[in-house]
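*Asks:* This structure is in structure tokens; I'll ask about it shortly.
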Amino acid sequence: MSDYESIRGTRVKYLTSDPTLNSSTEGQVWYNSTSGTNKTLVQIKAWSAGGNLPTATNNNGSATQGTQTASLSFGGGSTEPQTIEYNGYAWTTSNNLGTPRFVLSGAGVQTAALGFGGYTTGIFQTATEEYDGSSWTAGGALSTARGSMGGNGTQTAAIAVTGAPLSPGTQSEEYDGSSWTAGGAYPVAQWSIAIAGPQTAALGAGGVSGGPETGSTVVTNYDGSSWTVVSGTIPNGQNRAAYAGTQTHAVVFGGNINTPPPAGPGTPGIVTTATNEWDGSTFSITANMTTARQSYAGAGTATSAIGFAGDLNPGTSNATEEYTSSINAITKAAWASGGNMGTARSYIAGCGIKTSALAFGGNTPPYSALTEEYDGSSWTAGGALSTARYSMSAMGTQTAALGAGGYDGPPAPGFTTLAEEYDGSSWTAGGAMSNDKAGAGGAGLQTAGLVFGGRDDTGAVATTEEYDGSSWTAATAMGTGRSVFGYAGIQTAALGFGGQPGDTDATEEYDGTSWTAGGNLGTALYANAGAGTQTSALSFGGNHRPPITAQTEEYDGSSWSTTASLGTAVLQHAGAGASNTSALSFGGYTTTQTAQTEEFTGRTEVATASTLTTS
């Protein structure tokens, strides 16, 4: 038996702990004397579940150059005109195709896509449509009506390869952004070919040929003018599959494969979970998909691919699966249920962090003085506020909190200037604010707090006040008056986002002196909650007039992006958390006041060493 030294030319390192795990460690083997194991760092190749499509479908088109976090599906059986966009977690319906169809092909990215060909109402189509991120417009027609083509490229440089009902044929066409012209003939008469890569450097693999149908193992390369058969083959004549990548590095996944001998060519194939990876010369088997399917769509790269919908034979699918090939173990962001509060309430105030949060006040109805403390799994009662009220501003920690303003009437007095301080067991009076208001933002600590925006008897206000632990001082007003909005940060680096009047997507940042505009939320809303810091914040829940939403967005200091949605749509709730990777949502209103708690864990990507075993 060969040993490691004779293969690698080096001895196995003897270490008391694992080395720093990064790309330079990949492929190395070492002995960890503490755990008593041989270990190595290798690429992890795996499929995981993504968000489900709203409707099961098959034979749909996609923006083939899209990504796991920005994909597009359009057309398909039973949903012929439908267009839906994927953000990495959930699918959202957009404007329909102009020509409903299925077995169509696609190219481009989510904001600049191309859909062409297909079949509907008993007729193969020549129609080409261009998508700009919101709507479709007509493009130049294919010269030959057909469906089940191989397709890829960009909106202005796409390729369409063979297709049905060309008996099958070898015809290919190229799109320049306005019209299609003839491309090089495909070397084998077949259809439903996997085409990876751009118009000038494409890979063709598999497909269906003949009658009776036979899966093809042929692999080809395209240089922008002619196709060449290469020496590699795709196992089992994989066809009707989804695909992603380039001419030199691609993956082909799912689809249909020929049944093994003695059934022989021409017999019905079987739907498969197989994923085959191309390295420029050879296909090799990699991680299987969870669900076998064919005639569906995909996008991405050879190390970060996505496949969605499909024919289960029988039945159709609304499932999405995501493929990752990396030295890192990747966990997607997610919300999970936490322990319920003791008392359901909306317009609740909250502060602290995910494992040590404080909830106080709120509308039960009526006004509440209750305080509850969260330890990372359950809530326990704390000391009651001196004055029951709701829609307060909150800041600080579980053992040193500040609640300011709010609404405690009618009958009297309504909006209040009252501020109270919590020491971990009881509330005492703090300095009164200069302005009475409710629904304002809060940031900072009990001894260095900030209250901004809100609402008084006149409507939404923009006033800002700073607290030093005993008294309030007027500061620069926000650019726009708003109330019931999300907030995060500290006194010298605060953030306010969303709010009323109306629904707004506006974000403002405070630097301790003045407010400036930040990046807009993806969705205008109000009654949302927030957590984190000015450069690492979350917005979750709220009302998008209507409906109540479960949407969550994360802020990086300049722009917002969508992340995992709450399990339940909610508004008028509270948030706590130190960053956009660790947060808590609690209380609020769904169809009535709720006691629900949800815990957020952000996406993680960590290099993980594997333990080697002998057999």
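Residues are named by chain letter and number: chains run A, B, ... in the order of the structure tokens, numbers start at 1 in each chain, and ligands are numbered from 1 in the order shown.
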Need to verify the contact set: A:Gly106, 7 Å, only C-alpha atoms, exclusion of same-chain residues closer than 5 positions in sequence. Can you return it as a PyMOL selection string?
*Replies:* chain A and resi 61-64+114-116+151-152
*Asks:* Those residues you just picked out, can you put them in a file as a PDB file, in the first residue's frame with N, CA and C atoms?
*Replies:*
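That gives us selection_0.pdb:
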ATOM      1  N   GLY A  61     -38.450  28.488 -18.821  1.00  0.00           N
ATOM      2  CA  GLY A  61     -37.199  29.106 -19.226  1.00  0.00           C
ATOM      3  C   GLY A  61     -36.545  29.821 -18.069  1.00  0.00           C
ATOM      4  N   SER A  62     -35.268  30.183 -18.236  1.00  0.00           N
ATOM      5  CA  SER A  62     -34.571  30.902 -17.173  1.00  0.00           C
ATOM      6  C   SER A  62     -33.555  31.863 -17.755  1.00  0.00           C
ATOM      7  N   ALA A  63     -33.173  32.831 -16.918  1.00  0.00           N
ATOM      8  CA  ALA A  63     -32.028  33.685 -17.232  1.00  0.00           C
ATOM      9  C   ALA A  63     -30.797  32.855 -16.894  1.00  0.00           C
ATOM     10  N   THR A  64     -30.215  32.199 -17.890  1.00  0.00           N
ATOM     11  CA  THR A  64     -29.185  31.181 -17.653  1.00  0.00           C
ATOM     12  C   THR A  64     -27.906  31.736 -17.041  1.00  0.00           C
ATOM     13  N   LEU A 114     -33.555  37.151 -21.706  1.00  0.00           N
ATOM     14  CA  LEU A 114     -34.081  36.885 -23.040  1.00  0.00           C
ATOM     15  C   LEU A 114     -34.839  35.564 -22.989  1.00  0.00           C
ATOM     16  N   GLY A 115     -36.050  35.549 -23.538  1.00  0.00           N
ATOM     17  CA  GLY A 115     -36.826  34.324 -23.677  1.00  0.00           C
ATOM     18  C   GLY A 115     -37.176  34.117 -25.137  1.00  0.00           C
ATOM     19  N   PHE A 116     -37.025  32.891 -25.668  1.00  0.00           N
ATOM     20  CA  PHE A 116     -37.224  32.687 -27.097  1.00  0.00           C
ATOM     21  C   PHE A 116     -37.746  31.298 -27.398  1.00  0.00           C
ATOM     22  N   GLY A 151     -29.996  26.787 -24.934  1.00  0.00           N
ATOM     23  CA  GLY A 151     -29.851  28.239 -25.011  1.00  0.00           C
ATOM     24  C   GLY A 151     -28.960  28.782 -23.923  1.00  0.00           C
ATOM     25  N   ASN A 152     -28.236  29.868 -24.234  1.00  0.00           N
ATOM     26  CA  ASN A 152     -27.414  30.524 -23.231  1.00  0.00           C
ATOM     27  C   ASN A 152     -26.916  31.844 -23.796  1.00  0.00           C
TER      28      ASN A 152
END
*Asks:* Taking into account only C-alpha atoms, which residue in the set A:Ser337, A:Asn580, A:Thr55, A:Ser172 is nearest to A:Leu566?
*Replies:*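 Checking each of A:Ser337, A:Asn580, A:Thr55, A:Ser172 against A:Leu566, counting only C-alpha atoms, the winner is A:Ser337.
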*Asks:* Looking at only C-alpha atoms, which of A:Leu53, A:Ala141, A:Val103, A:Leu571 is the one that sits closest to A:Asn87?
*Replies:*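 Closest candidate: A:Leu53.
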*Asks:* Each residue of stretch 73-104 of chain A with at least one atom at most 12 Å from stretch 311-319 of chain A should appear once, together with its nearest atom pair and the corresponding distance in Å (one decimal); atoms considered: only C-alpha atoms; ordering: chain, then increasing residue number; output as a tab-separated table.
*Replies:*
residue	atom	partner	partner_atom	distance
A:Ser73	CA	A:Asn318	CA	11.3
A:Gly76	CA	A:Thr316	CA	10.5
A:Gly77	CA	A:Thr316	CA	8.9
A:Ser78	CA	A:Thr316	CA	9.5
A:Thr79	CA	A:Asn318	CA	11.3
A:Ile84	CA	A:Asn318	CA	12.0
A:Ala90	CA	A:Ala319	CA	11.2
A:Trp91	CA	A:Asn318	CA	10.5
A:Val103	CA	A:Asp311	CA	11.8
*Asks:* Can those selected residues be exported to a file as an mmCIF file, in the first residue's frame so that it contains N, CA and C atoms?
*Replies:*
data_model
loop_
_atom_site.group_PDB
_atom_site.id
_atom_site.type_symbol
_atom_site.label_atom_id
_atom_site.label_comp_id
_atom_site.auth_asym_id
_atom_site.auth_seq_id
_atom_site.Cartn_x
_atom_site.Cartn_y
_atom_site.Cartn_z
ATOM 1 N N SER A 73 -37.347 32.836 -13.557
ATOM 2 C CA SER A 73 -38.071 31.749 -14.220
ATOM 3 C C SER A 73 -39.226 32.351 -14.990
ATOM 4 N N GLY A 76 -43.584 28.032 -18.903
ATOM 5 C CA GLY A 76 -43.624 26.679 -18.362
ATOM 6 C C GLY A 76 -45.017 26.091 -18.408
ATOM 7 N N GLY A 77 -45.086 24.780 -18.380
ATOM 8 C CA GLY A 77 -46.365 24.099 -18.390
ATOM 9 C C GLY A 77 -47.217 24.476 -17.196
ATOM 10 N N SER A 78 -48.486 24.774 -17.402
ATOM 11 C CA SER A 78 -49.493 25.183 -16.417
ATOM 12 C C SER A 78 -49.313 26.623 -15.934
ATOM 13 N N THR A 79 -48.162 27.241 -16.202
ATOM 14 C CA THR A 79 -47.931 28.642 -15.801
ATOM 15 C C THR A 79 -47.376 29.418 -16.990
ATOM 16 N N ILE A 84 -41.313 34.947 -12.577
ATOM 17 C CA ILE A 84 -41.040 35.062 -11.152
ATOM 18 C C ILE A 84 -39.542 35.250 -10.925
ATOM 19 N N ALA A 90 -36.640 33.610 -1.606
ATOM 20 C CA ALA A 90 -38.052 33.512 -1.973
ATOM 21 C C ALA A 90 -38.273 33.990 -3.401
ATOM 22 N N TRP A 91 -39.343 33.465 -4.022
ATOM 23 C CA TRP A 91 -39.738 33.849 -5.372
ATOM 24 C C TRP A 91 -40.849 34.899 -5.311
ATOM 25 N N VAL A 103 -41.660 24.914 -22.956
ATOM 26 C CA VAL A 103 -40.482 24.406 -23.674
ATOM 27 C C VAL A 103 -39.748 25.535 -24.402
#
*Asks:* Give the answer as one residue: which of A:Ala440, A:Ala292, A:Leu584, A:Ser426 has the shortest atom-to-atom distance to A:Ala381, using only C-alpha atoms?
*Replies:*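 With only C-alpha atoms as the atom set, the closest residue is A:Ser426.
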*Asks:* Would you tabulate, counting only C-alpha atoms, all residues of stretch 533-571 of chain A that have an atom at most 12 Å from an atom of stretch 493-506 of chain A, showing the closest pair of atoms and their distance in Å to one decimal, sorted by chain then ascending number, as a tab-separated table?
*Replies:*
residue	atom	partner	partner_atom	distance
A:Thr533	CA	A:Ala494	CA	7.2
A:Gln534	CA	A:Leu495	CA	5.4
A:Thr535	CA	A:Ala493	CA	8.8
A:Ser536	CA	A:Leu495	CA	10.1
A:Ala537	CA	A:Leu495	CA	8.4
A:Leu538	CA	A:Phe497	CA	9.9
A:Ser539	CA	A:Phe497	CA	7.9
A:Phe540	CA	A:Gly498	CA	10.5
A:Gly541	CA	A:Gly498	CA	10.9
A:Gly542	CA	A:Gly498	CA	9.0
A:Asn543	CA	A:Asp503	CA	8.2
A:His544	CA	A:Asp503	CA	6.8
A:Arg545	CA	A:Asp503	CA	7.1
A:Pro546	CA	A:Asp503	CA	10.0
A:Pro547	CA	A:Asp503	CA	11.8
A:Glu553	CA	A:Phe497	CA	10.9
A:Glu554	CA	A:Phe497	CA	11.4
A:Tyr555	CA	A:Leu495	CA	10.1
A:Asp556	CA	A:Leu495	CA	11.6
A:Gly557	CA	A:Leu495	CA	9.5
A:Ser558	CA	A:Leu495	CA	11.3
A:Ser559	CA	A:Ala506	CA	11.2
A:Trp560	CA	A:Asp505	CA	10.3
A:Leu571	CA	A:Gly499	CA	11.6
*Asks:* Could you pull the residues within 7 Å of A:Thr463, counting only C-alpha atoms, minus those fewer than 4 positions along the same chain, as a VMD selection string?
*Replies:* chain A and resid 452 to 453 477 to 478
*Asks:* Could those residues be written to a file, using C-alpha atoms, as a PDB file, in the first residue's frame?
*Replies:*
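Saved result, selection.pdb, follows:
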ATOM      1  CA  PHE A 452     -35.526  60.714  16.585  1.00  0.00           C
ATOM      2  CA  GLY A 453     -38.617  61.228  14.480  1.00  0.00           C
ATOM      3  CA  ALA A 477     -33.584  67.083  12.987  1.00  0.00           C
ATOM      4  CA  MET A 478     -34.005  64.235  10.508  1.00  0.00           C
TER       5      MET A 478
END
*Asks:* With distances taken over only C-alpha atoms, which of A:Ser483, A:Ser325, A:Ser134, A:Asn32 is nearest to A:Met392?
*Replies:*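 Once distances to A:Met392 are computed over only C-alpha atoms, the minimum belongs to A:Ser483.
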*Asks:* Would you kindly return, as an mmCIF file with C-alpha atoms, in the first residue's frame, each protein, DNA or RNA residue with an atom no farther than 12 Å from any atom of A:Pro235, considering only C-alpha atoms and excluding same-chain residues fewer than 2 positions away?
*Replies:*
data_model
loop_
_atom_site.group_PDB
_atom_site.id
_atom_site.type_symbol
_atom_site.label_atom_id
_atom_site.label_comp_id
_atom_site.auth_asym_id
_atom_site.auth_seq_id
_atom_site.Cartn_x
_atom_site.Cartn_y
_atom_site.Cartn_z
ATOM 1 C CA ALA A 205 -23.547 18.272 -23.667
ATOM 2 C CA GLY A 206 -26.052 15.467 -23.913
ATOM 3 C CA GLY A 207 -29.444 15.843 -25.503
ATOM 4 C CA GLY A 215 -30.075 10.068 -24.933
ATOM 5 C CA SER A 216 -26.806 11.334 -26.398
ATOM 6 C CA THR A 217 -23.403 11.233 -24.682
ATOM 7 C CA VAL A 218 -21.841 13.713 -27.157
ATOM 8 C CA VAL A 219 -19.925 16.763 -25.836
ATOM 9 C CA GLY A 232 -15.174 13.645 -23.390
ATOM 10 C CA THR A 233 -18.638 12.148 -22.994
ATOM 11 C CA GLY A 237 -26.759 10.233 -22.215
ATOM 12 C CA GLN A 238 -28.025 12.823 -19.703
ATOM 13 C CA ASN A 239 -30.721 14.980 -21.345
ATOM 14 C CA VAL A 252 -25.176 19.370 -15.741
ATOM 15 C CA PHE A 253 -27.779 18.193 -13.239
ATOM 16 C CA GLY A 254 -30.945 16.171 -13.145
ATOM 17 C CA GLY A 255 -32.768 15.308 -16.340
ATOM 18 C CA ASN A 256 -33.299 11.929 -17.942
ATOM 19 C CA ILE A 257 -30.843 9.091 -18.515
ATOM 20 C CA ASN A 258 -31.012 5.945 -20.612
ATOM 21 C CA THR A 259 -31.933 2.764 -18.837
ATOM 22 C CA PRO A 260 -28.936 0.415 -18.560
ATOM 23 C CA THR A 272 -32.362 11.243 -12.357
ATOM 24 C CA ALA A 274 -27.297 12.866 -11.121
ATOM 25 C CA THR A 275 -24.957 15.856 -11.237
ATOM 26 C CA ASN A 276 -21.984 15.676 -13.587
ATOM 27 C CA GLU A 277 -19.114 18.177 -13.460
ATOM 28 C CA TRP A 278 -17.057 19.136 -16.531
ATOM 29 C CA THR A 282 -13.852 15.082 -18.606
ATOM 30 C CA PHE A 283 -17.230 14.722 -16.920
ATOM 31 C CA SER A 284 -17.158 13.265 -13.403
ATOM 32 C CA ILE A 285 -19.971 12.434 -11.013
ATOM 33 C CA THR A 286 -20.457 14.817 -8.114
#
